[in-house]
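What follows is the content of structure00.pdb (PDB, C-alpha atoms).
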```pdb
ATOM      1  CA  MET A   1      -9.378  -4.899   3.258
ATOM      2  CA  THR A   2     -12.430  -6.405   4.818
ATOM      3  CA  PRO A   3     -12.729  -9.975   3.499
ATOM      4  CA  VAL A   4     -16.496 -10.097   3.804
ATOM      5  CA  VAL A   5     -18.920 -10.805   0.972
ATOM      6  CA  ASN A   6     -22.665 -10.753   1.589
ATOM      7  CA  GLY A   7     -22.045 -10.839   5.314
ATOM      8  CA  GLN A   8     -19.821 -13.932   5.098
ATOM      9  CA  THR A   9     -16.108 -13.897   5.894
ATOM     10  CA  HIS A  10     -14.031 -15.319   3.056
ATOM     11  CA  HIS A  11     -10.496 -16.655   3.288
ATOM     12  CA  PHE A  12      -7.943 -15.531   0.764
ATOM     13  CA  GLY A  13      -4.498 -16.384  -0.502
ATOM     14  CA  VAL A  14      -2.225 -15.166  -3.290
ATOM     15  CA  ARG A  15      -3.380 -17.317  -6.202
ATOM     16  CA  GLY A  16      -2.450 -15.700  -9.464
ATOM     17  CA  LEU A  17      -0.872 -12.997 -11.564
ATOM     18  CA  TYR A  18      -2.351 -10.424 -13.882
ATOM     19  CA  ASN A  19      -0.856  -7.234 -15.316
ATOM     20  CA  GLY A  20       2.363  -8.076 -13.497
ATOM     21  CA  LEU A  21       0.522  -7.876 -10.197
ATOM     22  CA  LEU A  22      -0.584 -10.476  -7.713
ATOM     23  CA  LEU A  23      -4.131 -11.768  -7.784
ATOM     24  CA  ILE A  24      -5.745 -12.993  -4.617
ATOM     25  CA  GLY A  25      -8.207 -15.843  -4.629
ATOM     26  CA  ASP A  26     -10.840 -16.746  -2.112
ATOM     27  CA  HIS A  27     -10.924 -20.332  -0.909
ATOM     28  CA  GLU A  28     -14.709 -20.447  -0.676
ATOM     29  CA  THR A  29     -15.620 -19.840  -4.332
ATOM     30  CA  GLY A  30     -12.315 -19.921  -6.221
ATOM     31  CA  SER A  31     -12.844 -16.384  -7.490
ATOM     32  CA  TYR A  32      -9.903 -14.091  -8.286
ATOM     33  CA  TRP A  33      -9.636 -10.546  -7.016
ATOM     34  CA  ASP A  34      -7.632  -7.357  -7.618
ATOM     35  CA  HIS A  35      -5.651  -6.827  -4.418
ATOM     36  CA  ILE A  36      -5.514  -3.038  -4.902
ATOM     37  CA  THR A  37      -9.119  -2.151  -5.665
ATOM     38  CA  GLY A  38     -10.734  -5.121  -3.933
ATOM     39  CA  GLU A  39     -12.744  -5.914  -7.041
ATOM     40  CA  CYS A  40     -13.472  -9.501  -8.019
ATOM     41  CA  LEU A  41     -12.193  -9.882 -11.594
ATOM     42  CA  TYR A  42     -13.022 -13.478 -12.424
ATOM     43  CA  GLY A  43     -15.065 -16.290 -11.045
ATOM     44  CA  PRO A  44     -18.435 -16.757  -9.351
ATOM     45  CA  LEU A  45     -18.159 -13.494  -7.421
ATOM     46  CA  LYS A  46     -17.132 -11.340 -10.369
ATOM     47  CA  GLY A  47     -18.282  -7.773  -9.863
ATOM     48  CA  TYR A  48     -18.295  -7.897  -6.072
ATOM     49  CA  LYS A  49     -16.003  -5.481  -4.277
ATOM     50  CA  LEU A  50     -14.349  -5.735  -0.893
ATOM     51  CA  GLU A  51     -14.100  -2.732   1.410
ATOM     52  CA  VAL A  52     -10.572  -1.308   1.145
ATOM     53  CA  PHE A  53      -8.427   0.885   3.398
ATOM     54  CA  PRO A  54      -5.092   2.624   2.833
ATOM     55  CA  LEU A  55      -1.990   0.766   3.996
ATOM     56  CA  LEU A  56       0.493   3.328   5.285
ATOM     57  CA  HIS A  57       4.295   3.223   5.264
ATOM     58  CA  MET A  58       6.075   4.495   8.352
ATOM     59  CA  ASN A  59       8.839   3.516  10.693
ATOM     60  CA  VAL A  60       8.433   2.316  14.266
ATOM     61  CA  SER A  61       9.100   5.660  15.973
ATOM     62  CA  GLN A  62       6.706   7.518  13.675
ATOM     63  CA  SER A  63       3.862   5.128  14.265
ATOM     64  CA  LEU A  64       4.372   5.292  18.042
ATOM     65  CA  ALA A  65       4.321   9.094  17.871
ATOM     66  CA  ARG A  66       0.962   8.874  16.130
ATOM     67  CA  TRP A  67      -0.498   5.883  18.011
ATOM     68  CA  PRO A  68       1.404   5.342  21.276
ATOM     69  CA  ASP A  69      -0.580   2.229  22.190
ATOM     70  CA  VAL A  70      -0.554   0.573  18.788
ATOM     71  CA  HIS A  71       0.063  -3.159  18.503
ATOM     72  CA  VAL A  72       2.307  -5.034  16.093
ATOM     73  CA  ALA A  73       1.754  -8.435  14.522
ATOM     74  CA  VAL A  74       4.987 -10.441  14.284
ATOM     75  CA  SER A  75       5.157 -13.572  12.183
ATOM     76  CA  SER A  76       7.013 -16.695  13.190
ATOM     77  CA  GLU A  77       5.625 -18.527  10.173
ATOM     78  CA  LEU A  78       8.026 -17.434   7.463
ATOM     79  CA  THR A  79       9.421 -20.311   5.455
ATOM     80  CA  ILE A  80      13.105 -20.482   4.634
ATOM     81  CA  MET A  81      12.326 -19.878   0.972
ATOM     82  CA  GLN A  82      10.381 -16.737   1.819
ATOM     83  CA  ARG A  83      13.240 -15.372   3.893
ATOM     84  CA  LEU A  84      15.794 -16.147   1.182
ATOM     85  CA  ARG A  85      13.646 -14.581  -1.511
ATOM     86  CA  VAL A  86      13.357 -11.296   0.351
ATOM     87  CA  PHE A  87      17.021 -11.348   1.351
ATOM     88  CA  PHE A  88      18.267 -11.687  -2.219
ATOM     89  CA  MET A  89      15.568 -10.100  -4.333
ATOM     90  CA  GLY A  90      14.370  -7.322  -2.062
ATOM     91  CA  PRO A  91      17.322  -4.913  -2.322
ATOM     92  CA  LEU A  92      17.594  -5.479  -6.064
ATOM     93  CA  PHE A  93      13.944  -4.784  -6.684
ATOM     94  CA  ARG A  94      14.027  -1.659  -4.522
ATOM     95  CA  SER A  95      17.131  -0.221  -6.170
ATOM     96  CA  LYS A  96      17.177   2.396  -8.874
ATOM     97  CA  TRP A  97      18.340  -0.322 -11.224
ATOM     98  CA  ALA A  98      15.190  -2.294 -10.533
ATOM     99  CA  PHE A  99      14.355  -4.552 -13.392
ATOM    100  CA  PHE A 100      11.032  -6.064 -14.166
ATOM    101  CA  PRO A 101      10.446  -9.346 -12.373
ATOM    102  CA  PRO A 102      10.623 -12.716 -14.135
ATOM    103  CA  VAL A 103       9.391 -13.269 -17.678
ATOM    104  CA  VAL A 104       6.257 -14.923 -16.386
ATOM    105  CA  PHE A 105       5.163 -11.542 -14.979
ATOM    106  CA  LYS A 106       5.566  -9.804 -18.326
ATOM    107  CA  LYS A 107       3.421 -12.399 -20.061
ATOM    108  CA  THR A 108       0.486 -11.260 -17.945
ATOM    109  CA  MET A 109       0.815  -7.615 -19.017
ATOM    110  CA  GLY A 110      -1.406  -5.992 -21.604
ATOM    111  CA  LYS A 111      -0.579  -2.921 -23.639
ATOM    112  CA  GLU A 112       1.605  -0.743 -21.455
ATOM    113  CA  ASP A 113       1.041   2.923 -20.751
ATOM    114  CA  THR A 114       4.308   4.488 -21.889
ATOM    115  CA  ARG A 115       3.722   7.979 -20.502
ATOM    116  CA  ARG A 116       6.147   7.044 -17.740
ATOM    117  CA  LYS A 117       8.834   4.375 -17.532
ATOM    118  CA  ARG A 118       7.589   1.011 -16.398
ATOM    119  CA  MET A 119       9.548   0.947 -13.125
ATOM    120  CA  ASP A 120       9.109   4.634 -12.328
ATOM    121  CA  ILE A 121       8.175   4.967  -8.678
ATOM    122  CA  GLY A 122       5.664   7.273  -7.034
ATOM    123  CA  LEU A 123       2.481   7.605  -5.027
ATOM    124  CA  GLY A 124      -0.768   6.538  -6.610
ATOM    125  CA  VAL A 125      -3.819   8.199  -5.077
ATOM    126  CA  TRP A 126      -7.390   7.445  -5.988
ATOM    127  CA  THR A 127     -11.064   7.872  -5.305
ATOM    128  CA  THR A 128     -13.975   6.239  -7.071
ATOM    129  CA  MET A 129     -13.793   8.714  -9.928
ATOM    130  CA  LYS A 130     -10.266  10.115  -9.917
ATOM    131  CA  HIS A 131      -6.924   8.323 -10.140
ATOM    132  CA  CYS A 132      -3.655  10.233 -10.054
ATOM    133  CA  PHE A 133      -0.007   9.178 -10.029
ATOM    134  CA  TYR A 134       2.513  11.471  -8.327
ATOM    135  CA  PRO A 135       5.987  10.502  -9.580
ATOM    136  CA  LEU A 136       8.615  10.682  -6.846
ATOM    137  CA  GLU A 137      10.734  12.631  -9.303
ATOM    138  CA  HIS A 138       8.066  15.343  -9.565
ATOM    139  CA  LEU A 139       7.519  15.417  -5.814
ATOM    140  CA  ARG A 140      11.214  16.069  -5.336
ATOM    141  CA  LYS A 141      11.070  18.881  -7.881
ATOM    142  CA  GLN A 142       8.353  20.417  -5.733
ATOM    143  CA  LYS A 143      10.721  20.316  -2.736
ATOM    144  CA  GLY A 144       9.053  17.254  -1.343
ATOM    145  CA  ALA A 145       5.539  18.614  -0.821
ATOM    146  CA  LEU A 146       2.666  19.852  -2.941
ATOM    147  CA  ASN A 147      -1.023  20.696  -2.776
ATOM    148  CA  ASP A 148      -3.529  19.210  -5.158
ATOM    149  CA  GLU A 149      -7.216  18.395  -5.355
ATOM    150  CA  LEU A 150      -9.007  15.099  -5.491
ATOM    151  CA  GLU A 151     -12.652  15.300  -6.488
ATOM    152  CA  GLY A 152     -12.885  18.789  -5.047
ATOM    153  CA  ARG A 153     -11.131  17.939  -1.794
ATOM    154  CA  GLY A 154      -7.732  19.417  -1.008
ATOM    155  CA  ILE A 155      -4.875  16.985  -0.489
ATOM    156  CA  LEU A 156      -1.278  17.355   0.540
ATOM    157  CA  VAL A 157       1.228  14.949  -0.983
ATOM    158  CA  TYR A 158       4.595  14.970   0.721
ATOM    159  CA  ILE A 159       7.729  12.911   1.109
ATOM    160  CA  ASN A 160       8.395  11.795   4.666
ATOM    161  CA  PRO A 161      11.917  13.145   5.290
ATOM    162  CA  LYS A 162      12.954  10.172   7.463
ATOM    163  CA  THR A 163      11.616   7.321   5.362
ATOM    164  CA  GLN A 164      11.699   9.071   1.952
ATOM    165  CA  ILE A 165       8.336   7.489   1.254
ATOM    166  CA  PRO A 166       5.523   9.720  -0.021
ATOM    167  CA  ALA A 167       2.109   9.946   1.583
ATOM    168  CA  ALA A 168      -1.082  11.911   1.003
ATOM    169  CA  ILE A 169      -3.539  13.373   3.479
ATOM    170  CA  TYR A 170      -6.710  15.363   3.075
ATOM    171  CA  THR A 171      -6.249  18.962   4.170
ATOM    172  CA  ASN A 172      -7.635  22.415   3.508
ATOM    173  CA  ALA A 173      -4.188  23.971   3.827
ATOM    174  CA  ARG A 174      -2.930  25.819   0.777
ATOM    175  CA  GLN A 175       0.457  27.119   1.854
ATOM    176  CA  ILE A 176       3.078  24.635   2.974
ATOM    177  CA  THR A 177       6.572  25.399   4.251
ATOM    178  CA  TRP A 178       9.403  23.155   5.347
ATOM    179  CA  HIS A 179      11.261  24.004   8.533
ATOM    180  CA  GLY A 180      13.947  21.344   8.643
ATOM    181  CA  ASP A 181      12.054  18.036   8.750
ATOM    182  CA  GLU A 182       8.791  19.669   9.830
ATOM    183  CA  LEU A 183       6.105  20.748   7.422
ATOM    184  CA  SER A 184       4.081  23.822   8.440
ATOM    185  CA  LEU A 185       0.628  24.342   6.978
ATOM    186  CA  ASP A 186      -1.079  27.717   6.691
ATOM    187  CA  SER A 187      -3.957  26.173   8.651
ATOM    188  CA  GLY A 188      -1.589  26.322  11.649
ATOM    189  CA  GLU A 189      -0.895  22.596  11.763
ATOM    190  CA  ILE A 190       2.503  20.990  11.702
ATOM    191  CA  ILE A 191       3.460  17.623  10.270
ATOM    192  CA  ARG A 192       6.347  16.031  12.114
ATOM    193  CA  GLU A 193       7.428  12.396  11.814
ATOM    194  CA  GLY A 194       4.287  11.611   9.843
ATOM    195  CA  THR A 195       1.990  12.943  12.585
ATOM    196  CA  VAL A 196      -0.149  16.086  12.346
ATOM    197  CA  TYR A 197      -0.156  18.424  15.353
ATOM    198  CA  ASP A 198      -2.308  21.458  16.054
ATOM    199  CA  THR A 199      -0.963  24.789  17.275
ATOM    200  CA  GLN A 200      -1.094  23.488  20.879
ATOM    201  CA  GLY A 201       1.003  20.453  20.023
ATOM    202  CA  LYS A 202      -1.947  18.090  20.251
ATOM    203  CA  THR A 203      -2.086  15.140  17.847
ATOM    204  CA  LEU A 204      -4.808  15.460  15.241
ATOM    205  CA  ALA A 205      -6.668  12.702  13.488
ATOM    206  CA  VAL A 206      -5.765  12.444   9.827
ATOM    207  CA  VAL A 207      -7.919  11.298   6.948
ATOM    208  CA  TYR A 208      -6.027   9.542   4.193
ATOM    209  CA  PRO A 209      -7.251   9.075   0.654
ATOM    210  CA  MET A 210      -6.737   5.643  -0.843
ATOM    211  CA  GLN A 211      -3.096   5.543  -1.803
ATOM    212  CA  MET A 212      -0.254   3.253  -2.697
ATOM    213  CA  PHE A 213       3.499   3.679  -2.987
ATOM    214  CA  THR A 214       4.049   1.817  -6.217
ATOM    215  CA  ARG A 215       5.710   1.424  -9.594
ATOM    216  CA  TRP A 216       4.116   3.085 -12.612
ATOM    217  CA  TYR A 217       3.251  -0.178 -14.336
ATOM    218  CA  GLY A 218       1.223  -1.314 -11.324
ATOM    219  CA  PHE A 219      -0.812   1.866 -10.974
ATOM    220  CA  SER A 220      -1.358   2.484 -14.672
ATOM    221  CA  SER A 221      -2.499  -1.083 -15.316
ATOM    222  CA  THR A 222      -4.892  -0.935 -12.368
ATOM    223  CA  PHE A 223      -6.250   2.489 -13.319
ATOM    224  CA  PRO A 224      -5.893   2.781 -17.118
ATOM    225  CA  GLY A 225      -5.750   6.343 -18.356
ATOM    226  CA  CYS A 226      -4.980   7.710 -14.884
ATOM    227  CA  ASP A 227      -3.831  11.291 -14.426
ATOM    228  CA  ILE A 228      -0.179  12.083 -13.842
ATOM    229  CA  TYR A 229       0.826  15.024 -11.677
ATOM    230  CA  GLU A 230       3.087  17.087 -13.903
ATOM    231  CA  VAL A 231       5.491  19.888 -13.013
TER
ATOM    232  CA  MET B   1      -8.929  12.075 -17.847
ATOM    233  CA  GLY B   2     -12.077  10.066 -17.607
ATOM    234  CA  GLU B   3     -12.248   6.452 -16.601
ATOM    235  CA  ILE B   4     -10.983   4.043 -19.214
ATOM    236  CA  MET B   5     -11.971   0.618 -18.001
ATOM    237  CA  ASN B   6     -10.299  -2.370 -19.531
ATOM    238  CA  GLU B   7     -12.096  -5.672 -19.642
ATOM    239  CA  PHE B   8     -10.383  -8.469 -17.776
ATOM    240  CA  ASP B   9      -8.396 -10.500 -20.314
ATOM    241  CA  VAL B  10      -8.418 -14.016 -18.964
ATOM    242  CA  SER B  11      -6.022 -15.202 -21.692
ATOM    243  CA  ARG B  12      -3.077 -13.486 -20.008
ATOM    244  CA  ALA B  13      -4.003 -14.221 -16.410
ATOM    245  CA  ILE B  14      -2.217 -16.911 -14.439
ATOM    246  CA  PHE B  15      -4.537 -18.748 -12.066
ATOM    247  CA  ARG B  16      -3.670 -21.276  -9.413
ATOM    248  CA  ASP B  17      -6.103 -23.183  -7.236
ATOM    249  CA  ARG B  18      -3.771 -23.152  -4.250
ATOM    250  CA  ASP B  19      -1.977 -20.393  -2.359
ATOM    251  CA  LEU B  20       1.365 -19.419  -3.882
ATOM    252  CA  PHE B  21       2.779 -18.061  -0.629
ATOM    253  CA  SER B  22       2.332 -18.869   3.008
ATOM    254  CA  SER B  23      -0.121 -16.283   4.357
ATOM    255  CA  PHE B  24       0.306 -14.848   7.830
ATOM    256  CA  HIS B  25      -2.600 -15.709  10.086
ATOM    257  CA  VAL B  26      -2.417 -13.139  12.887
ATOM    258  CA  LYS B  27      -3.587 -14.642  16.151
ATOM    259  CA  THR B  28      -1.569 -12.595  18.636
ATOM    260  CA  THR B  29      -0.354  -9.032  18.660
ATOM    261  CA  TYR B  30       1.935  -7.129  21.021
ATOM    262  CA  PRO B  31       2.307  -3.492  22.014
ATOM    263  CA  LEU B  32       4.790  -2.021  19.569
ATOM    264  CA  ARG B  33       6.281   0.016  22.388
ATOM    265  CA  LEU B  34       7.030  -3.212  24.242
ATOM    266  CA  ALA B  35       8.614  -4.757  21.151
ATOM    267  CA  LEU B  36      10.804  -1.667  20.857
ATOM    268  CA  SER B  37      11.855  -1.694  24.499
ATOM    269  CA  LYS B  38      12.773  -5.388  24.259
ATOM    270  CA  GLY B  39      14.886  -4.792  21.184
ATOM    271  CA  ASN B  40      12.667  -6.906  18.935
ATOM    272  CA  VAL B  41      12.278  -3.916  16.618
ATOM    273  CA  ARG B  42      14.276  -0.732  16.170
ATOM    274  CA  GLU B  43      13.005   2.813  15.804
ATOM    275  CA  LYS B  44      13.916   3.013  12.134
ATOM    276  CA  ASN B  45      12.476  -0.363  11.142
ATOM    277  CA  PRO B  46       9.948   0.152   8.337
ATOM    278  CA  ILE B  47       6.445  -0.897   9.188
ATOM    279  CA  LEU B  48       3.066  -0.988   7.489
ATOM    280  CA  VAL B  49       0.114   0.524   9.271
ATOM    281  CA  MET B  50      -3.443  -0.669   8.765
ATOM    282  CA  GLU B  51      -6.107   1.738   9.991
ATOM    283  CA  HIS B  52      -9.196  -0.435   9.921
ATOM    284  CA  ASN B  53     -12.731  -0.050  11.254
ATOM    285  CA  ALA B  54     -11.685  -2.130  14.250
ATOM    286  CA  GLY B  55      -8.585  -0.092  15.005
ATOM    287  CA  VAL B  56      -4.957   0.365  14.028
ATOM    288  CA  LEU B  57      -2.448  -2.451  13.652
ATOM    289  CA  THR B  58       1.136  -2.471  12.425
ATOM    290  CA  PHE B  59       3.226  -5.063  10.628
ATOM    291  CA  LEU B  60       6.925  -5.379   9.939
ATOM    292  CA  THR B  61       7.244  -4.463   6.276
ATOM    293  CA  GLN B  62       9.850  -7.129   5.593
ATOM    294  CA  GLN B  63       7.555  -9.836   6.906
ATOM    295  CA  ILE B  64       4.571  -8.745   4.855
ATOM    296  CA  VAL B  65       6.803  -8.534   1.777
ATOM    297  CA  SER B  66       7.553 -12.204   2.415
ATOM    298  CA  HIS B  67       4.045 -13.389   3.201
ATOM    299  CA  HIS B  68       2.281 -10.986   0.821
ATOM    300  CA  LEU B  69      -0.943 -11.524   2.741
ATOM    301  CA  ALA B  70      -1.828 -11.276   6.420
ATOM    302  CA  TYR B  71      -5.259 -11.777   7.908
ATOM    303  CA  GLY B  72      -6.952 -11.846  11.248
ATOM    304  CA  GLU B  73      -9.743 -10.504  13.358
ATOM    305  CA  THR B  74      -9.916  -7.562  15.732
ATOM    306  CA  ALA B  75     -12.881  -6.969  18.014
ATOM    307  CA  GLY B  76     -14.775  -9.530  15.988
ATOM    308  CA  GLN B  77     -14.095  -7.761  12.703
ATOM    309  CA  PRO B  78     -12.136  -9.654  10.052
ATOM    310  CA  TRP B  79      -9.436  -7.840   8.094
ATOM    311  CA  MET B  80      -6.819  -8.612   5.498
ATOM    312  CA  VAL B  81      -3.591  -6.910   4.386
ATOM    313  CA  ILE B  82      -1.978  -7.571   1.015
ATOM    314  CA  PHE B  83       1.366  -6.229  -0.133
TER
END
```

Show me, as structure tokens, the structure contained in the file I just sent.
Amino acid sequence: MTPVVNGQTHHFGVRGLYNGLLLIGDHETGSYWDHITGECLYGPLKGYKLEVFPLLHMNVSQSLARWPDVHVAVSSELTIMQRLRVFFMGPLFRSKWAFFPPVVFKKTMGKEDTRRKRMDIGLGVWTTMKHCFYPLEHLRKQKGALNDELEGRGILVYINPKTQIPAAIYTNARQITWHGDELSLDSGEIIREGTVYDTQGKTLAVVYPMQMFTRWYGFSSTFPGCDIYEV
Amino acid sequence: MGEIMNEFDVSRAIFRDRDLFSSFHVKTTYPLRLALSKGNVREKNPILVMEHNAGVLTFLTQQIVSHHLAYGETAGQPWMVIF
């Protein structure tokens, strides 16, 4: 996100909970913001919206294949409590037996959308007008890759074979075929290790729609009435 | 389905006037390739990639899971990552 409002940089921290999701608050005005859409939900800046960008999941080798000169930010500021929390809670929350976080989270939830199970996992993709959840279960039924449309633009949603994390890119390709861990598109491009290559093996720039690898409760509470990709 | 916008229900929101977690203020970055060659990261380590107006920057997923929020400036452009 770009933490700029009316040309002024604002400073944020995690300062609340709503719908089982974190709220961020800006130090300058004490307003509270949705960390997914960038919209200010409460406070003096209600209605303002920060510029948002997709945050992509990869591993180190995949990102270097795509951006050989990319930099990494490494924190030395983690508190002991933060490290312990991730060490103990992380694997449990990521497992297929994931349970909903503490009771305090549930108290912030409104009426739940029961079309999918609360902790169902998938890729949420959205534009200003269209919001669609692609359950991981359905992606797997489609052999890990599918074509769809988002406001008239073609997208490819696929599961990265190495990370098992889904991602979406804009593409005009209509036919997709797996060859081992490589995905061939009928446009002639190949997706390998999360990077798109042309027929000459040259890396191509990729345009990503706004997307988030998330639990159903998070996406459905952020985008009520969202579409679900069904198979 | 069309947009179904819910009004913000302040009665079930939890607000705090201080940060709940220690945010990560990014002041220095390193070439990821260098971090890999030095053994500070491994090829399969999960990372988060931010493709911002000012460029691309990566973060160790585990660290951002801990901090929840990282912020900094690149080429004079402020940015923020929340997870």

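For the pair atom CA of A:Val4 and atom CA of A:Thr214, the interatomic distance is 25.8 Å.
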
Next item on the list: Could you expand the ChimeraX specification (/A :<6) & /B into the explicit residues it covers here, written as a PyMOL selection string?
Entry: chain B and resi 4+12-16+19-20+29-32+43-50+57-59+66+79-80

Checklist line | atom CA of B:Phe83 to atom CA of B:His68, distance in Å rounded to a single decimal | finding: 4.9 Å

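Atom CA of A:Lys117 to atom CA of A:Lys141 spans 17.6 Å [interatomic distance, one decimal].
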
Name the residues that the PyMOL selection byres ((chain A and resi 47) around 12) pulls out of this structure, and write them as a short mmCIF file (atom, residue, chain, number, x, y, z; two decimals) with C-alpha atoms, keeping the file's coordinate frame.
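Wrote selection-v5.cif, looks like this:
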```
data_model
loop_
_atom_site.label_atom_id
_atom_site.label_comp_id
_atom_site.auth_asym_id
_atom_site.auth_seq_id
_atom_site.Cartn_x
_atom_site.Cartn_y
_atom_site.Cartn_z
CA VAL A 5 -18.92 -10.80 0.97
CA SER A 31 -12.84 -16.38 -7.49
CA TYR A 32 -9.90 -14.09 -8.29
CA TRP A 33 -9.64 -10.55 -7.02
CA ASP A 34 -7.63 -7.36 -7.62
CA THR A 37 -9.12 -2.15 -5.66
CA GLY A 38 -10.73 -5.12 -3.93
CA GLU A 39 -12.74 -5.91 -7.04
CA CYS A 40 -13.47 -9.50 -8.02
CA LEU A 41 -12.19 -9.88 -11.59
CA TYR A 42 -13.02 -13.48 -12.42
CA GLY A 43 -15.06 -16.29 -11.04
CA PRO A 44 -18.43 -16.76 -9.35
CA LEU A 45 -18.16 -13.49 -7.42
CA LYS A 46 -17.13 -11.34 -10.37
CA TYR A 48 -18.30 -7.90 -6.07
CA LYS A 49 -16.00 -5.48 -4.28
CA LEU A 50 -14.35 -5.74 -0.89
CA GLU B 7 -12.10 -5.67 -19.64
CA PHE B 8 -10.38 -8.47 -17.78
#
```

List, as a compact mmCIF listing (two decimals) with C-alpha atoms, in the coordinates of the input, every residue that the PyMOL selection byres ((chain A and resi 160) around 9) selects in the file provided.
```txt
# COMPACT_ATOMS: atom_id res chain seq x y z
CA MET A 58 6.08 4.50 8.35
CA GLY A 144 9.05 17.25 -1.34
CA TYR A 158 4.60 14.97 0.72
CA ILE A 159 7.73 12.91 1.11
CA PRO A 161 11.92 13.14 5.29
CA LYS A 162 12.95 10.17 7.46
CA THR A 163 11.62 7.32 5.36
CA GLN A 164 11.70 9.07 1.95
CA ILE A 165 8.34 7.49 1.25
CA PRO A 166 5.52 9.72 -0.02
CA ALA A 167 2.11 9.95 1.58
CA ASP A 181 12.05 18.04 8.75
CA ARG A 192 6.35 16.03 12.11
CA GLU A 193 7.43 12.40 11.81
CA GLY A 194 4.29 11.61 9.84
```

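With only C-alpha atoms as the basis for measurement, B:His25 is the residue among B:Arg18, B:His25, B:Arg33, B:His52 that approaches B:His67 most closely.
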
Item checked: Which of B:Glu51, B:Val56, B:Arg42, B:Phe24 sits closest to A:Met210 [using all atoms listed in the file] -> B:Glu51

Can you tell me, as AutoDock Vina command-line options, the centre and edge lengths (Å, one decimal) of the axis-aligned box enclosing all of stretch 36-48 of chain B's listed atoms after padding each side by 3 Å?
```
--center_x 9.0 --center_y -1.9 --center_z 16.0 --size_x 17.8 --size_y 15.9 --size_z 23.0
```

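Minimum distance to A:Thr203 across A:Glu230, A:Glu149, A:Glu189, A:Trp216 (counting only C-alpha atoms) occurs at A:Glu189.
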
Item checked: Cut-off 12 Å around (-1.3, 18.6, -0.8) with all atoms listed in the file: residues as a VMD selection string -> chain A and resid 125 134 139 142 144 to 150 153 to 159 166 to 177 183 to 186 208 to 209 229

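Comparing B:Phe21, B:Leu36, B:Gly55, B:Thr28 by their smallest distance to B:Ile82, the closest is B:Phe21 (using all atoms listed in the file).
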
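For the residues B:Asp17, B:Asp9, B:Val26, B:Lys38, ranking by smallest atom-to-atom distance to B:Ile64 using all atoms listed in the file places B:Val26 first.
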